Amino acid sequence: MLTHQNTGAPAKHLKPIITLTASDHERLSGLVRAAMNNMPDVASGLADEIDRAHVIAKGAHPVDAVSMGSEVKFRDETSGKIQKVFLVYPGQADISKDKISVLTPIGTALIGLRVGSSITWETRTGELKRLTVLEVRETA
C-alpha cells in the first residue's frame, strides 16, 4: 500500500490539490454558512474543500478545472462507469437533467478538480468511492 511519507496516510486517499476562482470561493463560502444548520455534514465537507483550495482570480482560472456551472465527464474507478454531469448550486439541481448540486457528496468531491485528478469520496451511505475527472467544459 502506498502512503504519504509525511503522514503515513494511504496515498490513494490523499486529497488532490483543487483550484477555485475567487468568485466561486466567495459564493461557496456563503452557501456553506447558509447550509450549516440544515445540512451540517455536507456543509462541513464543502467547507473542508474550500479551505484547502488554491484561490485564483477569475480570469486566471484554468479551463481544465471544475468550477460552478461546469460540465464534467468522470469515471467511477470502482465500476468503470463514465458519467457526464453539470455542477450547479442547490436551487438549480435537477438529476433528470444531470445537474448535480455542489451540496451533495459527489458535487463536493468534484469542485476544483482538474482533468486527470482523482479523489476518494464518501457516499451518503458511507461507501468509499473513487473518481477521476476526464473532461471539463465551461457552460457559461
# chains A, B, ... in the order shown; residues from 1 in each chain; ligands from 1
call {"tool": "select_by_dssp", "arguments": {"residues": "chain A", "states": "helix (DSSP H, G or I)", "output": "number ranges by chain"}}
result
A: 11-13, 22-35, 40-52, 58-60, 90-92, 95-97, 105-110
call {"tool": "residues_around", "arguments": {"residues": "range 100-111 of chain A", "least_positions_apart": "5", "cutoff": "10 Å", "atoms": "only C-alpha atoms", "output": "PDB file with C-alpha atoms, in the first residue's frame"}}
result
ATOM      1  CA  LYS A  15      -6.917  14.835  -1.351  1.00  0.00           C
ATOM      2  CA  ILE A  18      -8.026  21.896  -6.086  1.00  0.00           C
ATOM      3  CA  THR A  19      -8.419  25.293  -7.726  1.00  0.00           C
ATOM      4  CA  LEU A  20     -11.289  27.745  -7.234  1.00  0.00           C
ATOM      5  CA  ASP A  24     -16.707  30.624  -6.655  1.00  0.00           C
ATOM      6  CA  LEU A  28     -19.498  28.726  -1.926  1.00  0.00           C
ATOM      7  CA  LEU A  31     -23.517  28.615   0.775  1.00  0.00           C
ATOM      8  CA  VAL A  32     -21.637  26.721   3.490  1.00  0.00           C
ATOM      9  CA  ALA A  35     -26.368  25.260   4.911  1.00  0.00           C
ATOM     10  CA  MET A  39     -27.119  20.069   6.345  1.00  0.00           C
ATOM     11  CA  ASP A  41     -22.340  17.065   7.367  1.00  0.00           C
ATOM     12  CA  VAL A  42     -22.429  18.099   3.710  1.00  0.00           C
ATOM     13  CA  ALA A  43     -21.752  21.763   4.518  1.00  0.00           C
ATOM     14  CA  SER A  44     -18.771  20.759   6.643  1.00  0.00           C
ATOM     15  CA  GLY A  45     -17.390  18.621   3.791  1.00  0.00           C
ATOM     16  CA  LEU A  46     -17.712  21.514   1.363  1.00  0.00           C
ATOM     17  CA  ALA A  47     -16.099  23.853   3.907  1.00  0.00           C
ATOM     18  CA  ASP A  48     -13.114  21.497   4.118  1.00  0.00           C
ATOM     19  CA  GLU A  49     -12.738  21.554   0.329  1.00  0.00           C
ATOM     20  CA  ILE A  50     -12.997  25.356   0.195  1.00  0.00           C
ATOM     21  CA  ALA A  53      -8.434  25.249  -2.287  1.00  0.00           C
ATOM     22  CA  ALA A  65     -10.577  22.779 -13.557  1.00  0.00           C
ATOM     23  CA  VAL A  66     -14.126  22.056 -12.383  1.00  0.00           C
ATOM     24  CA  SER A  67     -15.947  25.249 -11.413  1.00  0.00           C
ATOM     25  CA  MET A  68     -19.574  26.046 -10.742  1.00  0.00           C
ATOM     26  CA  GLY A  69     -21.616  25.532 -13.915  1.00  0.00           C
ATOM     27  CA  SER A  70     -19.021  23.239 -15.488  1.00  0.00           C
ATOM     28  CA  VAL A  72     -17.791  17.349 -16.052  1.00  0.00           C
ATOM     29  CA  PHE A  74     -15.662  11.491 -14.940  1.00  0.00           C
ATOM     30  CA  VAL A  85     -22.856  15.928 -15.122  1.00  0.00           C
ATOM     31  CA  PHE A  86     -23.246  19.673 -14.646  1.00  0.00           C
ATOM     32  CA  LEU A  87     -22.107  21.040 -11.276  1.00  0.00           C
ATOM     33  CA  VAL A  88     -24.657  23.574 -10.026  1.00  0.00           C
ATOM     34  CA  TYR A  89     -25.912  25.369  -6.932  1.00  0.00           C
ATOM     35  CA  PRO A  90     -28.677  23.606  -4.946  1.00  0.00           C
ATOM     36  CA  GLY A  91     -31.552  25.639  -6.419  1.00  0.00           C
ATOM     37  CA  GLN A  92     -30.526  24.612  -9.946  1.00  0.00           C
ATOM     38  CA  ALA A  93     -30.095  20.892  -9.243  1.00  0.00           C
ATOM     39  CA  ASP A  94     -32.155  18.526 -11.410  1.00  0.00           C
ATOM     40  CA  ILE A  95     -30.929  14.944 -11.571  1.00  0.00           C
ATOM     41  CA  SER A 117      -7.161  14.293 -10.977  1.00  0.00           C
ATOM     42  CA  SER A 118      -8.695  11.556  -8.854  1.00  0.00           C
ATOM     43  CA  ILE A 119     -10.363  11.776  -5.462  1.00  0.00           C
ATOM     44  CA  THR A 120     -11.760   9.301  -2.961  1.00  0.00           C
ATOM     45  CA  TRP A 121     -15.084  10.428  -1.527  1.00  0.00           C
ATOM     46  CA  GLU A 122     -17.730   9.025   0.785  1.00  0.00           C
ATOM     47  CA  THR A 123     -21.327   8.494  -0.322  1.00  0.00           C
ATOM     48  CA  ARG A 124     -24.269   9.333   1.935  1.00  0.00           C
ATOM     49  CA  LYS A 129     -15.740   5.617  -3.980  1.00  0.00           C
ATOM     50  CA  ARG A 130     -13.033   6.977  -6.218  1.00  0.00           C
ATOM     51  CA  LEU A 131     -13.493   9.058  -9.340  1.00  0.00           C
ATOM     52  CA  THR A 132     -11.206  10.516 -11.986  1.00  0.00           C
ATOM     53  CA  VAL A 133     -12.046  13.662 -13.954  1.00  0.00           C
TER      54      VAL A 133
END
call {"tool": "closest_residue", "arguments": {"among": "A:Ala22, A:Ala34, A:Leu113, A:Val63", "to": "Glu138 in chain A", "atoms": "only C-alpha atoms"}}
result
A:Val63
call {"tool": "atom_distance", "arguments": {"atom1": "CA of Thr21 in chain A", "atom2": "CA of Asn38 in chain A"}}
result
26.0 Å
call {"tool": "select_by_dssp", "arguments": {"residues": "range 25-105 of chain A", "states": "strand (DSSP E)", "output": "ChimeraX atom specification"}}
result
/A:54-56,71-76,82-88,99-101
call {"tool": "atom_distance", "arguments": {"atom1": "CA of His25 in chain A", "atom2": "CA of Arg114 in chain A"}}
result
16.0 Å
call {"tool": "decode", "arguments": {"residues": "range 34-122 of chain A", "atoms": "C-alpha atoms", "output": "PDB file, in the first residue's frame"}}
result
ATOM      1  CA  ALA A  34     -26.321  29.080   4.973  1.00  0.00           C
ATOM      2  CA  ALA A  35     -26.368  25.260   4.911  1.00  0.00           C
ATOM      3  CA  MET A  36     -24.565  24.637   8.212  1.00  0.00           C
ATOM      4  CA  ASN A  37     -27.800  24.443  10.268  1.00  0.00           C
ATOM      5  CA  ASN A  38     -29.837  22.248   7.901  1.00  0.00           C
ATOM      6  CA  MET A  39     -27.119  20.069   6.345  1.00  0.00           C
ATOM      7  CA  PRO A  40     -24.123  20.171   8.701  1.00  0.00           C
ATOM      8  CA  ASP A  41     -22.340  17.065   7.367  1.00  0.00           C
ATOM      9  CA  VAL A  42     -22.429  18.099   3.710  1.00  0.00           C
ATOM     10  CA  ALA A  43     -21.752  21.763   4.518  1.00  0.00           C
ATOM     11  CA  SER A  44     -18.771  20.759   6.643  1.00  0.00           C
ATOM     12  CA  GLY A  45     -17.390  18.621   3.791  1.00  0.00           C
ATOM     13  CA  LEU A  46     -17.712  21.514   1.363  1.00  0.00           C
ATOM     14  CA  ALA A  47     -16.099  23.853   3.907  1.00  0.00           C
ATOM     15  CA  ASP A  48     -13.114  21.497   4.118  1.00  0.00           C
ATOM     16  CA  GLU A  49     -12.738  21.554   0.329  1.00  0.00           C
ATOM     17  CA  ILE A  50     -12.997  25.356   0.195  1.00  0.00           C
ATOM     18  CA  ASP A  51     -10.436  25.722   2.988  1.00  0.00           C
ATOM     19  CA  ARG A  52      -7.801  23.698   1.139  1.00  0.00           C
ATOM     20  CA  ALA A  53      -8.434  25.249  -2.287  1.00  0.00           C
ATOM     21  CA  HIS A  54      -5.922  27.323  -4.201  1.00  0.00           C
ATOM     22  CA  VAL A  55      -7.929  30.501  -4.932  1.00  0.00           C
ATOM     23  CA  ILE A  56      -7.204  32.470  -8.092  1.00  0.00           C
ATOM     24  CA  ALA A  57      -8.657  35.452  -9.932  1.00  0.00           C
ATOM     25  CA  LYS A  58     -11.485  34.609 -12.348  1.00  0.00           C
ATOM     26  CA  GLY A  59      -9.504  35.491 -15.492  1.00  0.00           C
ATOM     27  CA  ALA A  60      -6.704  33.130 -14.455  1.00  0.00           C
ATOM     28  CA  HIS A  61      -8.980  30.120 -13.965  1.00  0.00           C
ATOM     29  CA  PRO A  62      -7.597  27.033 -15.734  1.00  0.00           C
ATOM     30  CA  VAL A  63     -10.041  25.702 -18.320  1.00  0.00           C
ATOM     31  CA  ASP A  64      -9.415  22.135 -17.151  1.00  0.00           C
ATOM     32  CA  ALA A  65     -10.577  22.779 -13.557  1.00  0.00           C
ATOM     33  CA  VAL A  66     -14.126  22.056 -12.383  1.00  0.00           C
ATOM     34  CA  SER A  67     -15.947  25.249 -11.413  1.00  0.00           C
ATOM     35  CA  MET A  68     -19.574  26.046 -10.742  1.00  0.00           C
ATOM     36  CA  GLY A  69     -21.616  25.532 -13.915  1.00  0.00           C
ATOM     37  CA  SER A  70     -19.021  23.239 -15.488  1.00  0.00           C
ATOM     38  CA  GLU A  71     -19.940  20.156 -17.464  1.00  0.00           C
ATOM     39  CA  VAL A  72     -17.791  17.349 -16.052  1.00  0.00           C
ATOM     40  CA  LYS A  73     -17.083  13.924 -17.501  1.00  0.00           C
ATOM     41  CA  PHE A  74     -15.662  11.491 -14.940  1.00  0.00           C
ATOM     42  CA  ARG A  75     -15.036   7.795 -14.415  1.00  0.00           C
ATOM     43  CA  ASP A  76     -16.104   5.859 -11.331  1.00  0.00           C
ATOM     44  CA  GLU A  77     -12.938   3.865 -10.630  1.00  0.00           C
ATOM     45  CA  THR A  78     -14.861   1.103  -8.840  1.00  0.00           C
ATOM     46  CA  SER A  79     -17.330   0.316 -11.615  1.00  0.00           C
ATOM     47  CA  GLY A  80     -15.529   1.849 -14.599  1.00  0.00           C
ATOM     48  CA  LYS A  81     -18.756   3.715 -15.436  1.00  0.00           C
ATOM     49  CA  ILE A  82     -18.289   7.073 -17.165  1.00  0.00           C
ATOM     50  CA  GLN A  83     -20.765   9.856 -16.374  1.00  0.00           C
ATOM     51  CA  LYS A  84     -21.300  13.420 -17.528  1.00  0.00           C
ATOM     52  CA  VAL A  85     -22.856  15.928 -15.122  1.00  0.00           C
ATOM     53  CA  PHE A  86     -23.246  19.673 -14.646  1.00  0.00           C
ATOM     54  CA  LEU A  87     -22.107  21.040 -11.276  1.00  0.00           C
ATOM     55  CA  VAL A  88     -24.657  23.574 -10.026  1.00  0.00           C
ATOM     56  CA  TYR A  89     -25.912  25.369  -6.932  1.00  0.00           C
ATOM     57  CA  PRO A  90     -28.677  23.606  -4.946  1.00  0.00           C
ATOM     58  CA  GLY A  91     -31.552  25.639  -6.419  1.00  0.00           C
ATOM     59  CA  GLN A  92     -30.526  24.612  -9.946  1.00  0.00           C
ATOM     60  CA  ALA A  93     -30.095  20.892  -9.243  1.00  0.00           C
ATOM     61  CA  ASP A  94     -32.155  18.526 -11.410  1.00  0.00           C
ATOM     62  CA  ILE A  95     -30.929  14.944 -11.571  1.00  0.00           C
ATOM     63  CA  SER A  96     -33.153  14.252 -14.610  1.00  0.00           C
ATOM     64  CA  LYS A  97     -31.038  16.815 -16.499  1.00  0.00           C
ATOM     65  CA  ASP A  98     -27.734  15.584 -14.986  1.00  0.00           C
ATOM     66  CA  LYS A  99     -27.450  18.755 -12.886  1.00  0.00           C
ATOM     67  CA  ILE A 100     -25.953  17.856  -9.515  1.00  0.00           C
ATOM     68  CA  SER A 101     -25.673  20.155  -6.536  1.00  0.00           C
ATOM     69  CA  VAL A 102     -22.322  21.110  -5.073  1.00  0.00           C
ATOM     70  CA  LEU A 103     -24.032  20.313  -1.735  1.00  0.00           C
ATOM     71  CA  THR A 104     -24.015  16.577  -2.474  1.00  0.00           C
ATOM     72  CA  PRO A 105     -21.070  14.346  -1.616  1.00  0.00           C
ATOM     73  CA  ILE A 106     -20.154  13.828  -5.282  1.00  0.00           C
ATOM     74  CA  GLY A 107     -20.624  17.526  -6.077  1.00  0.00           C
ATOM     75  CA  THR A 108     -18.328  18.435  -3.207  1.00  0.00           C
ATOM     76  CA  ALA A 109     -15.791  15.866  -4.433  1.00  0.00           C
ATOM     77  CA  LEU A 110     -15.792  17.312  -7.967  1.00  0.00           C
ATOM     78  CA  ILE A 111     -15.419  21.034  -7.205  1.00  0.00           C
ATOM     79  CA  GLY A 112     -11.991  22.373  -8.104  1.00  0.00           C
ATOM     80  CA  LEU A 113     -10.569  19.133  -9.522  1.00  0.00           C
ATOM     81  CA  ARG A 114      -8.561  19.275 -12.740  1.00  0.00           C
ATOM     82  CA  VAL A 115      -8.619  16.884 -15.680  1.00  0.00           C
ATOM     83  CA  GLY A 116      -6.651  13.778 -14.728  1.00  0.00           C
ATOM     84  CA  SER A 117      -7.161  14.293 -10.977  1.00  0.00           C
ATOM     85  CA  SER A 118      -8.695  11.556  -8.854  1.00  0.00           C
ATOM     86  CA  ILE A 119     -10.363  11.776  -5.462  1.00  0.00           C
ATOM     87  CA  THR A 120     -11.760   9.301  -2.961  1.00  0.00           C
ATOM     88  CA  TRP A 121     -15.084  10.428  -1.527  1.00  0.00           C
ATOM     89  CA  GLU A 122     -17.730   9.025   0.785  1.00  0.00           C
TER      90      GLU A 122
END
